[in-house]
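K.L.:
To be precise about what I am sending: the file is called data.pdb and holds PDB, C-alpha atoms, pLDDT in the B column.
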ATOM      1  CA  MET A1336     135.516  86.703 107.226  1.00 47.00           C
ATOM      2  CA  ASN A1337     133.148  89.649 107.417  1.00 64.00           C
ATOM      3  CA  ASN A1338     131.215  89.735 110.662  1.00 88.00           C
ATOM      4  CA  ILE A1339     128.254  91.581 109.081  1.00 95.00           C
ATOM      5  CA  LEU A1340     125.896  90.083 106.482  1.00 97.00           C
ATOM      6  CA  GLU A1341     123.621  92.190 104.283  1.00 96.00           C
ATOM      7  CA  HIS A1342     120.614  91.415 102.084  1.00 95.00           C
ATOM      8  CA  ARG A1343     118.867  93.888  99.795  1.00 96.00           C
ATOM      9  CA  ILE A1344     115.160  93.193  99.240  1.00 95.00           C
ATOM     10  CA  LYS A1345     112.362  94.826  97.249  1.00 96.00           C
ATOM     11  CA  ILE A1346     108.999  94.623  98.986  1.00 96.00           C
ATOM     12  CA  LYS A1347     106.297  92.881  96.944  1.00 95.00           C
ATOM     13  CA  SER A1348     102.521  93.288  97.132  1.00 95.00           C
ATOM     14  CA  PHE A1349     102.142  90.066  99.153  1.00 93.00           C
ATOM     15  CA  ASP A1350     104.658  91.290 101.744  1.00 94.00           C
ATOM     16  CA  VAL A1351     102.352  94.053 103.008  1.00 95.00           C
ATOM     17  CA  GLY A1352      99.132  94.076 104.989  1.00 92.00           C
ATOM     18  CA  TYR A1353      95.784  95.832 104.650  1.00 89.00           C
ATOM     19  CA  ASP A1354      97.423  99.218 105.341  1.00 89.00           C
ATOM     20  CA  GLY A1355     100.089  98.858 102.633  1.00 90.00           C
ATOM     21  CA  LYS A1356     102.851  98.584 105.255  1.00 90.00           C
ATOM     22  CA  ILE A1357     105.191  95.636 105.569  1.00 93.00           C
ATOM     23  CA  LYS A1358     103.870  92.717 107.600  1.00 93.00           C
ATOM     24  CA  LEU A1359     105.684  92.046 110.863  1.00 94.00           C
ATOM     25  CA  SER A1360     105.838  88.355 109.942  1.00 93.00           C
ATOM     26  CA  PHE A1361     107.688  89.303 106.713  1.00 93.00           C
ATOM     27  CA  ILE A1362     110.294  91.211 108.715  1.00 95.00           C
ATOM     28  CA  LEU A1363     110.758  88.393 111.227  1.00 95.00           C
ATOM     29  CA  ASN A1364     110.999  85.759 108.508  1.00 94.00           C
ATOM     30  CA  HIS A1365     113.707  87.692 106.661  1.00 95.00           C
ATOM     31  CA  MET A1366     115.564  88.395 109.892  1.00 96.00           C
ATOM     32  CA  GLN A1367     115.491  84.675 110.650  1.00 94.00           C
ATOM     33  CA  GLU A1368     116.645  83.844 107.121  1.00 95.00           C
ATOM     34  CA  ILE A1369     119.604  86.210 107.105  1.00 97.00           C
ATOM     35  CA  ALA A1370     120.551  85.104 110.629  1.00 96.00           C
ATOM     36  CA  GLY A1371     120.490  81.481 109.449  1.00 94.00           C
ATOM     37  CA  GLU A1372     122.632  82.247 106.407  1.00 96.00           C
ATOM     38  CA  HIS A1373     125.122  84.134 108.534  1.00 96.00           C
ATOM     39  CA  ALA A1374     125.242  81.291 111.068  1.00 94.00           C
ATOM     40  CA  ALA A1375     126.079  78.908 108.203  1.00 94.00           C
ATOM     41  CA  LEU A1376     128.950  81.161 107.086  1.00 94.00           C
ATOM     42  CA  LEU A1377     130.241  81.145 110.664  1.00 93.00           C
ATOM     43  CA  GLY A1378     129.987  77.344 110.945  1.00 92.00           C
ATOM     44  CA  VAL A1379     127.093  77.325 113.421  1.00 93.00           C
ATOM     45  CA  SER A1380     124.109  76.623 111.158  1.00 92.00           C
ATOM     46  CA  ILE A1381     121.058  74.543 112.059  1.00 88.00           C
ATOM     47  CA  ARG A1382     122.648  71.661 110.140  1.00 90.00           C
ATOM     48  CA  ASN A1383     125.961  72.084 111.999  1.00 92.00           C
ATOM     49  CA  LEU A1384     124.163  71.940 115.331  1.00 91.00           C
ATOM     50  CA  HIS A1385     121.883  69.040 114.354  1.00 90.00           C
ATOM     51  CA  GLU A1386     125.000  66.955 113.698  1.00 92.00           C
ATOM     52  CA  LYS A1387     125.731  67.395 117.408  1.00 93.00           C
ATOM     53  CA  ASN A1388     122.100  66.756 118.409  1.00 93.00           C
ATOM     54  CA  LEU A1389     121.701  70.461 119.200  1.00 93.00           C
ATOM     55  CA  ALA A1390     119.406  73.222 117.955  1.00 89.00           C
ATOM     56  CA  TRP A1391     119.093  76.999 118.041  1.00 91.00           C
ATOM     57  CA  VAL A1392     116.060  78.305 119.978  1.00 90.00           C
ATOM     58  CA  LEU A1393     115.035  81.946 119.919  1.00 93.00           C
ATOM     59  CA  SER A1394     114.621  83.345 123.426  1.00 96.00           C
ATOM     60  CA  ARG A1395     113.977  87.099 123.055  1.00 97.00           C
ATOM     61  CA  TYR A1396     113.362  89.781 120.458  1.00 97.00           C
ATOM     62  CA  HIS A1397     113.295  93.554 120.985  1.00 98.00           C
ATOM     63  CA  ILE A1398     112.454  95.604 117.886  1.00 98.00           C
ATOM     64  CA  ILE A1399     112.068  99.382 117.505  1.00 98.00           C
ATOM     65  CA  PHE A1400     110.546 100.954 114.379  1.00 97.00           C
ATOM     66  CA  ASN A1401     111.467 104.418 113.162  1.00 97.00           C
ATOM     67  CA  ASP A1402     109.258 103.881 110.129  1.00 96.00           C
ATOM     68  CA  HIS A1403     107.478 101.004 108.374  1.00 95.00           C
ATOM     69  CA  PRO A1404     108.531 100.046 104.831  1.00 93.00           C
ATOM     70  CA  LYS A1405     105.812  99.961 102.183  1.00 93.00           C
ATOM     71  CA  TRP A1406     105.004  98.094  98.981  1.00 94.00           C
ATOM     72  CA  GLY A1407     107.632  98.863  96.330  1.00 95.00           C
ATOM     73  CA  ASP A1408     110.303 100.049  98.771  1.00 96.00           C
ATOM     74  CA  GLU A1409     113.813  98.629  98.600  1.00 97.00           C
ATOM     75  CA  ILE A1410     115.342  97.820 101.974  1.00 97.00           C
ATOM     76  CA  LEU A1411     118.703  96.612 103.250  1.00 98.00           C
ATOM     77  CA  ILE A1412     118.732  94.097 106.111  1.00 98.00           C
ATOM     78  CA  ARG A1413     121.953  93.804 108.111  1.00 97.00           C
ATOM     79  CA  THR A1414     122.848  91.373 110.905  1.00 98.00           C
ATOM     80  CA  TRP A1415     125.831  90.440 113.048  1.00 97.00           C
ATOM     81  CA  PRO A1416     126.619  88.462 116.212  1.00 96.00           C
ATOM     82  CA  TYR A1417     127.200  90.758 119.163  1.00 96.00           C
ATOM     83  CA  ALA A1418     128.372  88.434 121.943  1.00 92.00           C
ATOM     84  CA  LYS A1419     128.266  84.974 123.480  1.00 89.00           C
ATOM     85  CA  GLU A1420     127.147  85.211 127.083  1.00 86.00           C
ATOM     86  CA  LYS A1421     126.801  82.572 129.792  1.00 85.00           C
ATOM     87  CA  HIS A1422     123.628  80.923 128.491  1.00 89.00           C
ATOM     88  CA  TYR A1423     122.804  83.012 125.429  1.00 94.00           C
ATOM     89  CA  SER A1424     124.133  84.178 122.079  1.00 96.00           C
ATOM     90  CA  LEU A1425     123.159  87.744 121.126  1.00 97.00           C
ATOM     91  CA  ARG A1426     122.515  88.848 117.537  1.00 98.00           C
ATOM     92  CA  GLU A1427     121.748  92.336 116.226  1.00 98.00           C
ATOM     93  CA  PHE A1428     119.729  93.550 113.237  1.00 98.00           C
ATOM     94  CA  GLU A1429     119.256  96.790 111.335  1.00 98.00           C
ATOM     95  CA  ILE A1430     117.036  97.676 108.373  1.00 98.00           C
ATOM     96  CA  LEU A1431     117.806 100.704 106.177  1.00 98.00           C
ATOM     97  CA  ASP A1432     115.861 102.291 103.341  1.00 97.00           C
ATOM     98  CA  SER A1433     117.238 103.108  99.875  1.00 96.00           C
ATOM     99  CA  THR A1434     118.793 106.349 101.200  1.00 96.00           C
ATOM    100  CA  ASP A1435     120.414 104.549 104.152  1.00 96.00           C
ATOM    101  CA  ASP A1436     118.015 105.999 106.730  1.00 97.00           C
ATOM    102  CA  GLN A1437     117.373 103.538 109.544  1.00 98.00           C
ATOM    103  CA  LEU A1438     113.871 102.054 109.491  1.00 97.00           C
ATOM    104  CA  LEU A1439     114.276  99.451 112.202  1.00 97.00           C
ATOM    105  CA  ARG A1440     116.763  98.264 114.803  1.00 98.00           C
ATOM    106  CA  ALA A1441     116.610  95.092 116.829  1.00 98.00           C
ATOM    107  CA  THR A1442     118.446  92.895 119.283  1.00 98.00           C
ATOM    108  CA  SER A1443     117.820  89.201 119.893  1.00 98.00           C
ATOM    109  CA  SER A1444     118.857  86.470 122.293  1.00 97.00           C
ATOM    110  CA  TRP A1445     119.269  82.813 121.313  1.00 96.00           C
ATOM    111  CA  MET A1446     119.751  79.602 123.291  1.00 95.00           C
ATOM    112  CA  ILE A1447     121.185  76.272 122.216  1.00 94.00           C
ATOM    113  CA  ILE A1448     119.295  73.220 123.437  1.00 92.00           C
ATOM    114  CA  ASP A1449     120.124  69.529 123.554  1.00 93.00           C
ATOM    115  CA  LEU A1450     117.490  67.841 121.379  1.00 90.00           C
ATOM    116  CA  SER A1451     117.399  64.739 123.589  1.00 91.00           C
ATOM    117  CA  THR A1452     116.867  66.520 126.908  1.00 91.00           C
ATOM    118  CA  ARG A1453     115.337  69.792 125.589  1.00 87.00           C
ATOM    119  CA  LYS A1454     117.640  71.540 128.070  1.00 90.00           C
ATOM    120  CA  PRO A1455     119.938  74.490 127.253  1.00 92.00           C
ATOM    121  CA  VAL A1456     123.695  74.158 126.915  1.00 94.00           C
ATOM    122  CA  ARG A1457     126.269  76.940 127.153  1.00 93.00           C
ATOM    123  CA  PRO A1458     127.128  78.426 123.718  1.00 91.00           C
ATOM    124  CA  GLY A1459     130.773  78.745 124.738  1.00 88.00           C
ATOM    125  CA  ASP A1460     130.948  74.985 125.345  1.00 90.00           C
ATOM    126  CA  VAL A1461     129.673  73.905 121.923  1.00 91.00           C
ATOM    127  CA  LEU A1462     130.217  76.763 119.441  1.00 91.00           C
ATOM    128  CA  PRO A1463     133.485  77.482 117.633  1.00 90.00           C
ATOM    129  CA  ASP A1464     135.099  80.898 117.896  1.00 89.00           C
ATOM    130  CA  TYR A1465     133.761  83.354 115.327  1.00 90.00           C
ATOM    131  CA  PRO A1466     134.074  87.125 114.837  1.00 90.00           C
ATOM    132  CA  VAL A1467     131.619  89.453 116.566  1.00 92.00           C
ATOM    133  CA  ASN A1468     130.763  93.105 116.051  1.00 94.00           C
ATOM    134  CA  PRO A1469     130.810  95.194 119.272  1.00 93.00           C
ATOM    135  CA  VAL A1470     127.876  97.374 118.172  1.00 96.00           C
ATOM    136  CA  ARG A1471     124.520  96.798 119.828  1.00 97.00           C
ATOM    137  CA  MET A1472     121.343  98.192 118.308  1.00 98.00           C
ATOM    138  CA  ILE A1473     119.330  98.262 121.562  1.00 98.00           C
ATOM    139  CA  GLU A1474     120.802  98.122 125.055  1.00 96.00           C
ATOM    140  CA  ASP A1475     118.613  95.508 126.718  1.00 96.00           C
ATOM    141  CA  LYS A1476     119.381  93.191 129.636  1.00 93.00           C
ATOM    142  CA  PHE A1477     116.301  91.108 128.703  1.00 95.00           C
ATOM    143  CA  GLY A1478     114.652  91.300 132.107  1.00 93.00           C
ATOM    144  CA  ASN A1479     111.232  89.799 132.779  1.00 93.00           C
ATOM    145  CA  LEU A1480     108.360  91.296 130.811  1.00 94.00           C
ATOM    146  CA  PRO A1481     105.231  92.243 132.789  1.00 86.00           C
ATOM    147  CA  VAL A1482     102.186  90.048 133.186  1.00 83.00           C
ATOM    148  CA  CYS A1483      98.795  91.564 133.990  1.00 71.00           C
ATOM    149  CA  ASP A1484      96.302  89.975 136.346  1.00 72.00           C
ATOM    150  CA  SER A1485      93.427  90.453 133.904  1.00 77.00           C
ATOM    151  CA  TYR A1486      93.008  90.613 130.129  1.00 86.00           C
ATOM    152  CA  GLU A1487      90.091  92.163 128.293  1.00 85.00           C
ATOM    153  CA  ASN A1488      90.863  90.549 124.914  1.00 87.00           C
ATOM    154  CA  GLY A1489      91.323  86.911 123.990  1.00 91.00           C
ATOM    155  CA  VAL A1490      91.503  84.858 120.805  1.00 95.00           C
ATOM    156  CA  ARG A1491      91.738  81.066 120.478  1.00 96.00           C
ATOM    157  CA  PHE A1492      93.793  79.123 117.895  1.00 96.00           C
ATOM    158  CA  ASP A1493      94.500  75.484 117.058  1.00 96.00           C
ATOM    159  CA  VAL A1494      98.036  74.717 115.882  1.00 97.00           C
ATOM    160  CA  LYS A1495      98.082  73.713 112.199  1.00 96.00           C
ATOM    161  CA  LEU A1496     100.750  71.866 110.237  1.00 97.00           C
ATOM    162  CA  ASN A1497     101.618  75.102 108.424  1.00 95.00           C
ATOM    163  CA  ASP A1498     102.501  76.737 111.770  1.00 95.00           C
ATOM    164  CA  LEU A1499     105.433  74.365 112.370  1.00 95.00           C
ATOM    165  CA  ASP A1500     109.109  74.828 111.522  1.00 88.00           C
ATOM    166  CA  VAL A1501     111.837  72.272 110.775  1.00 80.00           C
ATOM    167  CA  ASN A1502     112.273  71.576 114.500  1.00 76.00           C
ATOM    168  CA  GLY A1503     108.661  70.346 114.680  1.00 85.00           C
ATOM    169  CA  HIS A1504     107.335  73.137 116.880  1.00 88.00           C
ATOM    170  CA  VAL A1505     105.458  76.371 116.126  1.00 94.00           C
ATOM    171  CA  ASN A1506     107.639  78.895 114.283  1.00 92.00           C
ATOM    172  CA  HIS A1507     108.451  82.023 116.305  1.00 93.00           C
ATOM    173  CA  THR A1508     106.749  84.357 113.813  1.00 94.00           C
ATOM    174  CA  VAL A1509     103.394  82.660 114.419  1.00 96.00           C
ATOM    175  CA  TYR A1510     103.377  83.676 118.093  1.00 96.00           C
ATOM    176  CA  VAL A1511     103.756  87.327 117.087  1.00 96.00           C
ATOM    177  CA  GLU A1512     100.801  87.023 114.712  1.00 95.00           C
ATOM    178  CA  TRP A1513      98.738  85.368 117.465  1.00 96.00           C
ATOM    179  CA  ALA A1514      99.634  88.168 119.893  1.00 96.00           C
ATOM    180  CA  LEU A1515      98.648  90.956 117.500  1.00 96.00           C
ATOM    181  CA  GLU A1516      95.379  89.223 116.554  1.00 95.00           C
ATOM    182  CA  SER A1517      94.134  89.738 120.134  1.00 95.00           C
ATOM    183  CA  ILE A1518      94.209  93.542 119.735  1.00 96.00           C
ATOM    184  CA  PRO A1519      90.890  95.081 118.606  1.00 95.00           C
ATOM    185  CA  VAL A1520      90.743  95.851 114.878  1.00 94.00           C
ATOM    186  CA  GLU A1521      89.674  99.462 115.489  1.00 95.00           C
ATOM    187  CA  PHE A1522      92.815 100.104 117.535  1.00 96.00           C
ATOM    188  CA  ARG A1523      95.072  98.490 114.926  1.00 95.00           C
ATOM    189  CA  LYS A1524      93.610 100.660 112.161  1.00 94.00           C
ATOM    190  CA  ASP A1525      94.155 103.879 114.136  1.00 95.00           C
ATOM    191  CA  HIS A1526      97.632 103.143 115.518  1.00 95.00           C
ATOM    192  CA  THR A1527     101.108 102.214 114.277  1.00 95.00           C
ATOM    193  CA  LEU A1528     103.348  99.651 115.968  1.00 97.00           C
ATOM    194  CA  ARG A1529     106.510 101.344 117.232  1.00 97.00           C
ATOM    195  CA  GLU A1530     108.109  98.766 119.485  1.00 98.00           C
ATOM    196  CA  ILE A1531     107.738  95.093 120.344  1.00 98.00           C
ATOM    197  CA  GLU A1532     109.436  92.930 122.955  1.00 98.00           C
ATOM    198  CA  ILE A1533     108.720  89.215 123.068  1.00 97.00           C
ATOM    199  CA  ALA A1534     109.962  86.489 125.390  1.00 97.00           C
ATOM    200  CA  TYR A1535     109.604  82.878 124.249  1.00 96.00           C
ATOM    201  CA  ARG A1536     108.968  80.659 127.270  1.00 95.00           C
ATOM    202  CA  GLY A1537     107.606  77.376 125.915  1.00 93.00           C
ATOM    203  CA  GLU A1538     106.812  75.341 122.821  1.00 91.00           C
ATOM    204  CA  ALA A1539     103.591  74.550 120.977  1.00 95.00           C
ATOM    205  CA  PHE A1540     103.064  71.537 118.757  1.00 95.00           C
ATOM    206  CA  LEU A1541     100.605  70.240 116.181  1.00 96.00           C
ATOM    207  CA  LYS A1542      96.957  70.227 117.346  1.00 94.00           C
ATOM    208  CA  ASN A1543      97.677  72.096 120.583  1.00 97.00           C
ATOM    209  CA  SER A1544      94.952  74.547 121.599  1.00 97.00           C
ATOM    210  CA  ILE A1545      96.238  78.084 122.100  1.00 97.00           C
ATOM    211  CA  LYS A1546      94.769  81.177 123.778  1.00 96.00           C
ATOM    212  CA  SER A1547      96.188  84.633 123.084  1.00 96.00           C
ATOM    213  CA  TYR A1548      95.349  87.364 125.612  1.00 94.00           C
ATOM    214  CA  SER A1549      96.064  91.089 125.664  1.00 95.00           C
ATOM    215  CA  HIS A1550      95.551  93.995 128.054  1.00 94.00           C
ATOM    216  CA  TYR A1551      95.663  97.702 127.147  1.00 94.00           C
ATOM    217  CA  HIS A1552      97.302 100.391 129.259  1.00 90.00           C
ATOM    218  CA  TYR A1553      98.799 103.829 128.694  1.00 91.00           C
ATOM    219  CA  ASP A1554     102.496 104.015 129.502  1.00 89.00           C
ATOM    220  CA  GLU A1555     102.843 107.307 131.371  1.00 91.00           C
ATOM    221  CA  GLU A1556     106.633 107.225 131.308  1.00 89.00           C
ATOM    222  CA  LEU A1557     106.900 106.709 127.554  1.00 87.00           C
ATOM    223  CA  LYS A1558     103.680 108.596 126.740  1.00 90.00           C
ATOM    224  CA  GLN A1559     102.551 105.804 124.447  1.00 95.00           C
ATOM    225  CA  ALA A1560      99.682 103.380 124.168  1.00 97.00           C
ATOM    226  CA  ALA A1561     100.793  99.886 125.167  1.00 96.00           C
ATOM    227  CA  TYR A1562      99.555  96.318 125.246  1.00 96.00           C
ATOM    228  CA  HIS A1563     100.732  93.471 127.412  1.00 95.00           C
ATOM    229  CA  HIS A1564     100.246  90.054 125.802  1.00 96.00           C
ATOM    230  CA  GLN A1565     100.380  86.481 126.983  1.00 96.00           C
ATOM    231  CA  ILE A1566      99.969  83.254 125.019  1.00 96.00           C
ATOM    232  CA  ILE A1567      98.915  80.095 126.855  1.00 96.00           C
ATOM    233  CA  ARG A1568      98.836  76.452 125.757  1.00 97.00           C
ATOM    234  CA  GLU A1569      95.338  75.475 126.890  1.00 95.00           C
ATOM    235  CA  ASP A1570      96.125  71.743 127.004  1.00 91.00           C
ATOM    236  CA  ASP A1571      98.131  72.228 130.225  1.00 95.00           C
ATOM    237  CA  MET A1572      97.976  76.028 130.799  1.00 94.00           C
ATOM    238  CA  LYS A1573     101.689  76.379 129.980  1.00 96.00           C
ATOM    239  CA  GLU A1574     102.793  79.957 129.268  1.00 96.00           C
ATOM    240  CA  LEU A1575     104.405  80.101 125.818  1.00 97.00           C
ATOM    241  CA  THR A1576     105.166  83.788 125.247  1.00 97.00           C
ATOM    242  CA  ARG A1577     105.043  87.109 127.021  1.00 96.00           C
ATOM    243  CA  THR A1578     104.983  90.251 124.866  1.00 97.00           C
ATOM    244  CA  ARG A1579     104.836  94.039 125.173  1.00 96.00           C
ATOM    245  CA  THR A1580     103.878  96.295 122.263  1.00 97.00           C
ATOM    246  CA  LEU A1581     103.977 100.113 122.037  1.00 97.00           C
ATOM    247  CA  TRP A1582     101.848 102.130 119.597  1.00 97.00           C
ATOM    248  CA  THR A1583     101.392 105.677 118.302  1.00 96.00           C
ATOM    249  CA  PRO A1584      98.350 107.188 116.527  1.00 93.00           C
TER     250      PRO A1584
END
Please render this file's structure as structure tokens.

P.N.:
Amino acid sequence: MNNILEHRIKIKSFDVGYDGKIKLSFILNHMQEIAGEHAALLGVSIRNLHEKNLAWVLSRYHIIFNDHPKWGDEILIRTWPYAKEKHYSLREFEILDSTDDQLLRATSSWMIIDLSTRKPVRPGDVLPDYPVNPVRMIEDKFGNLPVCDSYENGVRFDVKLNDLDVNGHVNHTVYVEWALESIPVEFRKDHTLREIEIAYRGEAFLKNSIKSYSHYHYDEELKQAAYHHQIIREDDMKELTRTRTLWTP
């Protein structure tokens, strides 16, 4: 069985934002979809895990953009499992344009949780053996992302039914949208997203009240504008995500 799955997609008008570039939520949704299809081929789909009262939970994403696809472009999305570690399963992604130039590369970390206890279980204890590809798109040990003591931007949201996924909690793409919404519009219009790292640390459910914060700083080492983000569940002040974004003019 091939350990790499590929999907070719043509970008439609409703897949792009105000600037004509592909929406980040579109990318994340298609990455999730191809990862789910590949998991099914490998015998570790959502349905396979639900039969054992288990579920996949996304823990981390790290994405680097070389360029942003636009309306009308044809792209190729590729994914493969990289490794099963002690508590996590790692999966890689790559997006190429029609001439096979790399537009995006990403690495991700996934946990398996027991649906009764909501506690993680070791992938090696519950997953069958399946082929992996020893190529990693981004070398990342997934250390802790920074948290700032103060935030100058904040936006409030209430969780809607449309925000939920089949596991009954807020879909991971929604948190990214919430994080980006806290950045001032003027900055977004003048800058391009080049890199995003997000750590998922908690769950949100229907009718929860959410606050998305962000803090700007200039990364002297990388010579790029950066934002640190944090999303809080206001009902009990539980931290749900921690994110870092890098931008260029």

K.L.:
Evaluated on this file, the PyMOL selection byres ((chain A and resi 1369-1375) around 9) picks out some residues - which ones are they, written as a short mmCIF file (atom, residue, chain, number, x, y, z; two decimals) with C-alpha atoms, in the coordinates of the input?

P.N.:
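Now in out.cif:
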data_model
loop_
_atom_site.label_atom_id
_atom_site.label_comp_id
_atom_site.auth_asym_id
_atom_site.auth_seq_id
_atom_site.Cartn_x
_atom_site.Cartn_y
_atom_site.Cartn_z
CA ASN A 1338 131.22 89.74 110.66
CA ILE A 1339 128.25 91.58 109.08
CA LEU A 1340 125.90 90.08 106.48
CA GLU A 1341 123.62 92.19 104.28
CA HIS A 1342 120.61 91.42 102.08
CA ASN A 1364 111.00 85.76 108.51
CA HIS A 1365 113.71 87.69 106.66
CA MET A 1366 115.56 88.40 109.89
CA GLN A 1367 115.49 84.68 110.65
CA GLU A 1368 116.64 83.84 107.12
CA LEU A 1376 128.95 81.16 107.09
CA LEU A 1377 130.24 81.14 110.66
CA GLY A 1378 129.99 77.34 110.94
CA VAL A 1379 127.09 77.32 113.42
CA SER A 1380 124.11 76.62 111.16
CA ILE A 1381 121.06 74.54 112.06
CA ARG A 1382 122.65 71.66 110.14
CA ASN A 1383 125.96 72.08 112.00
CA ILE A 1412 118.73 94.10 106.11
CA ARG A 1413 121.95 93.80 108.11
CA THR A 1414 122.85 91.37 110.90
CA TRP A 1415 125.83 90.44 113.05
CA PRO A 1416 126.62 88.46 116.21
CA ARG A 1426 122.52 88.85 117.54
CA PHE A 1428 119.73 93.55 113.24
#

K.L.:
Would you mind listing what lies within 12 Å of Lys1495 in chain A as a PyMOL selection string, with all atoms listed in the file counted and same-chain residues fewer than 6 positions away left out?

P.N.:
chain A and resi 1503-1506+1509+1539-1545

K.L.:
Mind writing the picked residues with C-alpha atoms as a JSON list (two decimals), keeping the file's coordinate frame?

P.N.:
[["chain", "number", "residue", "atom", "x", "y", "z"],
["A", 1503, "GLY", "CA", 108.66, 70.35, 114.68],
["A", 1504, "HIS", "CA", 107.34, 73.14, 116.88],
["A", 1505, "VAL", "CA", 105.46, 76.37, 116.13],
["A", 1506, "ASN", "CA", 107.64, 78.90, 114.28],
["A", 1509, "VAL", "CA", 103.39, 82.66, 114.42],
["A", 1539, "ALA", "CA", 103.59, 74.55, 120.98],
["A", 1540, "PHE", "CA", 103.06, 71.54, 118.76],
["A", 1541, "LEU", "CA", 100.60, 70.24, 116.18],
["A", 1542, "LYS", "CA", 96.96, 70.23, 117.35],
["A", 1543, "ASN", "CA", 97.68, 72.10, 120.58],
["A", 1544, "SER", "CA", 94.95, 74.55, 121.60],
["A", 1545, "ILE", "CA", 96.24, 78.08, 122.10]]

K.L.:
As a check of understanding, name the residues that the PyMOL selection byres ((chain A and resi 1565-1578) around 8) selects in the supplied structure, as a list in words.

P.N.:
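Applied to this file, the PyMOL selection byres ((chain A and resi 1565-1578) around 8) returns Leu1480, Pro1481, Val1482, Tyr1510, Trp1513, Ala1514, Ile1531, Glu1532, Ile1533, Ala1534, Tyr1535, Arg1536, Gly1537, Glu1538, Ala1539, Asn1543, Ser1544, Ile1545, Lys1546, Ser1547, Tyr1548, Ser1549, His1563, His1564, Arg1579 and Thr1580 of chain A.
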
K.L.:
Show me as a PyMOL selection string the residues that reach within 12 Å of (124.8, 68.3, 123.9), counting all atoms listed in the file and using the file's own coordinates.

P.N.:
chain A and resi 1384-1391+1447-1458+1460-1462

K.L.:
May I ask for the distance between CA of Arg1491 in chain A and CA of Val1511 in chain A, given in Å to one decimal place?

P.N.:
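For CA of Arg1491 in chain A relative to CA of Val1511 in chain A, the distance reads 14.0 Å.
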
K.L.:
Of the residues A:Lys1476, A:His1397, A:His1550, A:Arg1471, which is the one nearest to Glu1530 in chain A, using only C-alpha atoms?

P.N.:
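Distance minimum relative to Glu1530 in chain A lands on A:His1397.
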
K.L.:
In Å, how far is it from CA of Gly1352 in chain A to CA of Trp1445 in chain A?

P.N.:
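Separation between CA of Gly1352 in chain A and CA of Trp1445 in chain A: 28.3 Å.
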
K.L.:
Missing atoms in range 1468-1480 of chain A need filling: write out N, CA and C atoms for it as a CSV table (one decimal), in the frame of the given file.

P.N.:
chain,number,residue,atom,x,y,z
A,1468,ASN,N,130.7,91.7,116.3
A,1468,ASN,CA,130.8,93.1,116.1
A,1468,ASN,C,130.3,93.8,117.3
A,1469,PRO,N,131.1,94.6,118.0
A,1469,PRO,CA,130.8,95.2,119.3
A,1469,PRO,C,129.9,96.4,119.2
A,1470,VAL,N,128.9,96.3,118.3
A,1470,VAL,CA,127.9,97.4,118.2
A,1470,VAL,C,126.5,96.8,118.5
A,1471,ARG,N,125.8,97.3,119.5
A,1471,ARG,CA,124.5,96.8,119.8
A,1471,ARG,C,123.5,97.8,119.4
A,1472,MET,N,122.4,97.3,118.8
A,1472,MET,CA,121.3,98.2,118.3
A,1472,MET,C,120.4,98.7,119.4
A,1473,ILE,N,120.2,97.9,120.4
A,1473,ILE,CA,119.3,98.3,121.6
A,1473,ILE,C,120.0,97.7,122.8
A,1474,GLU,N,120.3,98.6,123.8
A,1474,GLU,CA,120.8,98.1,125.1
A,1474,GLU,C,119.7,97.5,125.9
A,1475,ASP,N,119.7,96.2,126.0
A,1475,ASP,CA,118.6,95.5,126.7
A,1475,ASP,C,119.2,94.3,127.5
A,1476,LYS,N,118.9,94.3,128.8
A,1476,LYS,CA,119.4,93.2,129.6
A,1476,LYS,C,118.4,92.0,129.6
A,1477,PHE,N,117.3,92.2,128.9
A,1477,PHE,CA,116.3,91.1,128.7
A,1477,PHE,C,115.8,90.6,130.1
A,1478,GLY,N,115.3,91.6,130.9
A,1478,GLY,CA,114.7,91.3,132.1
A,1478,GLY,C,113.3,90.8,131.8
A,1479,ASN,N,112.6,90.4,132.9
A,1479,ASN,CA,111.2,89.8,132.8
A,1479,ASN,C,110.2,90.8,132.3
A,1480,LEU,N,109.4,90.4,131.3
A,1480,LEU,CA,108.4,91.3,130.8
A,1480,LEU,C,107.2,91.2,131.8
